[in-house]
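Worksheet: the structure to be examined is printed underneath.
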Amino acid sequence: MHHDAHEAPPDGGYGWICVLCSFTVHFFALGIESSWGVYQSHYFTSHVLGPVSSSDLAWVGSIQATGQPLVGILAGILAQRIGFRITGFMGTCIMCMGLIAASFSTHIWHLYLTQGVMFGVGSGFAFIPAVCIPSQWFTKHRGLATGIAASGYGVGGLVLSPLTQKLIDHLGFRWALRATGLMTLLALGVADIFLKPRASIHPPTRIDKNLMTNKVFLFLCSIGLFSGPGFYVPLFYVPDYAVNKLERSAQDGANSAALISAFSAIGRVCLGIVGDHLGHLHILSLCQFLGGVGQMAIWPFVHNLAGLMAFSSFYGFFTGGYVSLYPVVAADLYGVEGLASITGVMFSSFVPGTLVGPPASGAILDRHTDPSTGKINFLPVQLFGGTWLIVSAFMAVMVKVFHDKRGSIVIR
């Protein structure tokens with residue numbers, strides 16, 4: 001089941017241009033998503049859209065995060081049929097339109113359609129081509145190359161979270177959304193031009209149906225399925241934790257969320273290198289386990305801003321490794337020729353968790369909010385998020401177990 005292109009990847013050359021372009025796509029497509037917590041906190045405290053609950057707002061972030069994996073299969077097939085560049089640029093345009101349309105919202109359901117559905121779907125079409133191409137140009141340094149590209153997510157969150165807060169403070173949320181949309185169109189439009197697959201790659205135009213009955217592949221998809229409900233909990237609620245629990249400013253909350261993204265960028269590169277030497281699957285399972293432990297055993301004991309920043313750094317570092325290594329493991333298992341459609345199926349496994357997880361987290365917070373003081377007990381949602389990541393780590397172990405039993409798939 002493991003196939004390689006007939007011509008060995010150059011492990012460099014134009015591949016580094018593709019890594020830079022992929023980095024740019026990650027910076028905006030996922031960096032904007034990771035800064036949702038800043039918008040969420042603003043909508044909740046300012047009442048610009050009327051009085052809204054945490055669970056109501058969580059649906060926006062949930063729909064946004066779900067849109068990307070929801071179109072994963074379609075994006076993968078389109079990339080292989082009509083081209084990676086066209087698919088990516090189509091997603092770029094949809095993202096821009098979604099953000100600008102969101103700036104005219106007057107009710108929460110407007111955000112569901114614009115900042116949620118439109119941006120999420122657009123980011124899916126932009127993301128799938130970008131996440132697959134670096135692996136086509138590298139073998140020996142595949143983890144490093146993919147880690148650098150995926151670190152755009154972390155750097156994007158690091159830059160865009162505090163920048164979004166600054167834009168909201170000085171221009172209002174409507175112009176913050178418009179400015180971000182136009183920046184996205186300009187930067188990703190250029191990146192889509194230079195992002196191209198290797199000429200020697202001849203991708204299939206359909207998905208191998210045998211994959212759907214392959215136990216190794218099913219457990220591989222289960223990693224994403226079970227990580228979805230818990231992965232976004234710190235990203236969405238660290239800003240609220242800083243304001244509500246620690247009584248810090250909204251900017252402190254945005255900066256704490258930005259640290260998750262910053263260390264995510266570092267983790268993607270560093271753990272990509274470690275994965276190249278110790279095994280991508282082994283490091284992926286370790287990352288998921290430590291991310292879950294962090295939510296359950298570190299975050300609940302944070303009582304000051306320094307502690308919150310330490311947790312954000314820890315969580316960002318290890319979950320960053322998970323995000324960058326997940327598609328690399330797919331390339332190790334199944335080769336790079338059909339990677340776009342395979343990755344699309346894998347990321348589609350995120351849909352149930354990312355759709356239901358954030359609203360469930362919001363509902364948990366609403367239930368544990370004191371109506372008289374507005375103070376929130378965050379412990380139940382911290383345990384909720386961490387449990388899912390630990391289950392996801394177990395799924396990664398099962399991939400290894402069933403691979404060893406079958407002995408028919410190469411894992412590097």
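Identifiers in this document derive from the order of the structure tokens: chains are assigned A, B, ..., residues are numbered from 1 separately in each chain, and ligands are numbered from 1 in order of occurrence.
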Find the residues near stretch 102-113 of chain A: any atom within 8 Å, counting only C-alpha atoms, skip ones fewer than 6 places away on the same chain, and give them as a short mmCIF file (atom, residue, chain, number, x, y, z; two decimals) with N, CA and C atoms, in the first residue's frame.
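Ended up saving to part23.cif:
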data_model
loop_
_atom_site.label_atom_id
_atom_site.label_comp_id
_atom_site.auth_asym_id
_atom_site.auth_seq_id
_atom_site.Cartn_x
_atom_site.Cartn_y
_atom_site.Cartn_z
N VAL A 48 -22.10 43.91 21.03
CA VAL A 48 -22.33 44.60 19.75
C VAL A 48 -23.36 43.88 18.89
N LEU A 49 -23.54 42.59 19.15
CA LEU A 49 -24.55 41.81 18.43
C LEU A 49 -25.71 41.46 19.35
N GLY A 50 -25.82 42.19 20.45
CA GLY A 50 -26.84 41.87 21.43
C GLY A 50 -26.29 40.92 22.47
N VAL A 52 -25.33 37.67 24.01
CA VAL A 52 -25.14 36.32 23.49
C VAL A 52 -24.41 35.48 24.53
N ASP A 56 -23.60 30.11 22.34
CA ASP A 56 -24.01 30.70 21.07
C ASP A 56 -22.79 31.13 20.25
N LEU A 57 -21.87 31.80 20.91
CA LEU A 57 -20.66 32.25 20.22
C LEU A 57 -19.77 31.09 19.81
N TRP A 59 -20.55 28.36 18.67
CA TRP A 59 -20.98 27.77 17.40
C TRP A 59 -20.28 28.43 16.21
N VAL A 60 -19.97 29.72 16.32
CA VAL A 60 -19.26 30.39 15.22
C VAL A 60 -17.88 29.78 15.04
N ILE A 63 -18.23 26.15 13.74
CA ILE A 63 -18.55 26.07 12.31
C ILE A 63 -17.32 26.45 11.48
N PHE A 173 -14.56 46.22 15.43
CA PHE A 173 -14.46 44.86 14.89
C PHE A 173 -14.81 44.80 13.41
N ARG A 174 -15.64 45.72 12.93
CA ARG A 174 -16.05 45.67 11.52
C ARG A 174 -14.87 45.95 10.60
N TRP A 175 -14.11 46.99 10.86
CA TRP A 175 -12.96 47.28 10.03
C TRP A 175 -11.81 46.32 10.29
N LEU A 177 -12.26 43.11 10.64
CA LEU A 177 -12.59 42.01 9.74
C LEU A 177 -12.28 42.37 8.29
N ARG A 178 -12.60 43.58 7.88
CA ARG A 178 -12.36 43.99 6.49
C ARG A 178 -10.86 44.04 6.17
#
Long-range neighbours of A:Ala79 as a list in words, 9 Å cut-off, only C-alpha atoms, 3 positions minimum in chain
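Near A:Ala79, the qualifying residues are Leu74, Ala75, Gly76, Ile82, Gly83, Phe84, Arg85, Ile86, Thr87, Gly88, Phe125, Ile128, Pro129, Ala340 and Ser341 of chain A.
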Closest to A:Leu284 among A:Leu182, A:Ala330, A:Leu160, A:Ile100, using only C-alpha atoms?
A:Ala330
Contact table stretch 64-168 of chain A vs stretch 308-325 of chain A, cut-off 12 Å, shortest pair per residue, only C-alpha atoms, as JSON lines:
{"residue": "A:Val131", "atom": "CA", "partner": "A:Ser324", "partner_atom": "CA", "distance": 8.9}
{"residue": "A:Cys132", "atom": "CA", "partner": "A:Ser324", "partner_atom": "CA", "distance": 11.0}
{"residue": "A:Pro134", "atom": "CA", "partner": "A:Ser324", "partner_atom": "CA", "distance": 11.3}
{"residue": "A:Ser135", "atom": "CA", "partner": "A:Leu325", "partner_atom": "CA", "distance": 11.0}
{"residue": "A:Arg142", "atom": "CA", "partner": "A:Leu325", "partner_atom": "CA", "distance": 9.6}
{"residue": "A:Gly143", "atom": "CA", "partner": "A:Leu325", "partner_atom": "CA", "distance": 6.8}
{"residue": "A:Leu144", "atom": "CA", "partner": "A:Ser324", "partner_atom": "CA", "distance": 9.2}
{"residue": "A:Ala145", "atom": "CA", "partner": "A:Ser324", "partner_atom": "CA", "distance": 9.5}
{"residue": "A:Thr146", "atom": "CA", "partner": "A:Ser324", "partner_atom": "CA", "distance": 6.2}
{"residue": "A:Gly147", "atom": "CA", "partner": "A:Ser324", "partner_atom": "CA", "distance": 5.2}
{"residue": "A:Ile148", "atom": "CA", "partner": "A:Ser324", "partner_atom": "CA", "distance": 8.5}
{"residue": "A:Ala149", "atom": "CA", "partner": "A:Ser324", "partner_atom": "CA", "distance": 8.3}
{"residue": "A:Ala150", "atom": "CA", "partner": "A:Ser324", "partner_atom": "CA", "distance": 5.6}
{"residue": "A:Ser151", "atom": "CA", "partner": "A:Gly320", "partner_atom": "CA", "distance": 7.7}
{"residue": "A:Gly152", "atom": "CA", "partner": "A:Ser324", "partner_atom": "CA", "distance": 10.4}
{"residue": "A:Tyr153", "atom": "CA", "partner": "A:Gly320", "partner_atom": "CA", "distance": 8.7}
{"residue": "A:Gly154", "atom": "CA", "partner": "A:Gly320", "partner_atom": "CA", "distance": 7.5}
{"residue": "A:Val155", "atom": "CA", "partner": "A:Gly320", "partner_atom": "CA", "distance": 11.0}
{"residue": "A:Gly157", "atom": "CA", "partner": "A:Gly316", "partner_atom": "CA", "distance": 10.6}
{"residue": "A:Leu158", "atom": "CA", "partner": "A:Gly316", "partner_atom": "CA", "distance": 10.7}
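Neighbours of A:Phe226 closer than or equal to 12 Å, with only C-alpha atoms counted and sequence neighbours fewer than 5 positions away skipped, come out as Phe219, Leu220, Cys221, Phe231, Gln288, Gly292, Phe347, Ser349, Phe350, Val351, Pro352, Gly353, Thr354, Val356, Gly357, Phe384, Gly385, Gly386, Thr387, Trp388, Leu389, Ile390, Val391, Ser392, Ala393, Phe394, Met395 and Ala396 of chain A.
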Dump as a tab-separated table (two decimals), in the first residue's frame, selection limited to C-alpha atoms:
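Saved as out_7.tsv:
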chain	number	residue	atom	x	y	z
A	219	PHE	CA	-7.37	4.25	13.33
A	220	LEU	CA	-5.38	7.00	11.59
A	221	CYS	CA	-8.64	8.87	10.93
A	231	PHE	CA	-8.07	20.48	20.65
A	288	GLN	CA	-1.39	14.24	21.80
A	292	GLY	CA	-4.22	16.22	27.08
A	347	PHE	CA	-8.97	15.85	7.92
A	349	SER	CA	-12.55	13.00	10.38
A	350	PHE	CA	-12.25	16.25	12.37
A	351	VAL	CA	-15.79	17.26	11.39
A	352	PRO	CA	-17.86	15.67	14.20
A	353	GLY	CA	-15.51	16.78	16.96
A	354	THR	CA	-14.89	20.31	15.74
A	356	VAL	CA	-19.85	19.55	18.43
A	357	GLY	CA	-16.82	20.10	20.70
A	384	PHE	CA	-13.44	17.62	29.00
A	385	GLY	CA	-10.79	18.89	26.58
A	386	GLY	CA	-7.89	16.90	27.99
A	387	THR	CA	-9.74	13.59	27.99
A	388	TRP	CA	-10.38	13.74	24.25
A	389	LEU	CA	-6.71	14.35	23.45
A	390	ILE	CA	-5.59	11.40	25.55
A	391	VAL	CA	-8.07	9.15	23.72
A	392	SER	CA	-6.64	10.50	20.45
A	393	ALA	CA	-3.13	9.54	21.61
A	394	PHE	CA	-4.38	6.00	22.22
A	395	MET	CA	-5.67	5.90	18.62
A	396	ALA	CA	-2.17	6.79	17.41
Taking only C-alpha atoms into account, name the residue in A:Met118, A:Ile298, A:Val190, A:Met97 that is nearest to A:Val71.
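Looking only at the distances to A:Val71, the closest residue turns out to be A:Met118.
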9 Å contact set for A:Ala130, only C-alpha atoms, chain neighbours under 3 positions out, as a ChimeraX atom specification
/A:18-19,21-23,25-26,84,88,126-127,133-134,149,192,195-196
Please, which residues of stretch 153-276 of chain A, numbered as in this document, come out helix (DSSP H, G or I) from DSSP, as a ChimeraX atom specification?
/A:153-171,173-194,209-213,215-231,233-245,250-276
Report, in Å with one decimal, the straight-line distance from atom CA of A:Met212 to atom CA of A:Cys287.
25.8 Å
Nearest to A:Ser227 by atom-to-atom distance, counting only C-alpha atoms, from A:Tyr326, A:Trp16, A:Phe301, A:Phe28:
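Closest to A:Ser227, using only C-alpha atoms: A:Tyr326.
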Provide the atom CA of A:Ala58 to atom CA of A:Lys166 distance in Å, to one decimal place.
22.0 Å
Residue nearest A:Met183 among A:Val345, A:Leu225, A:Met398, A:Cys93 (counting only C-alpha atoms):
A:Cys93
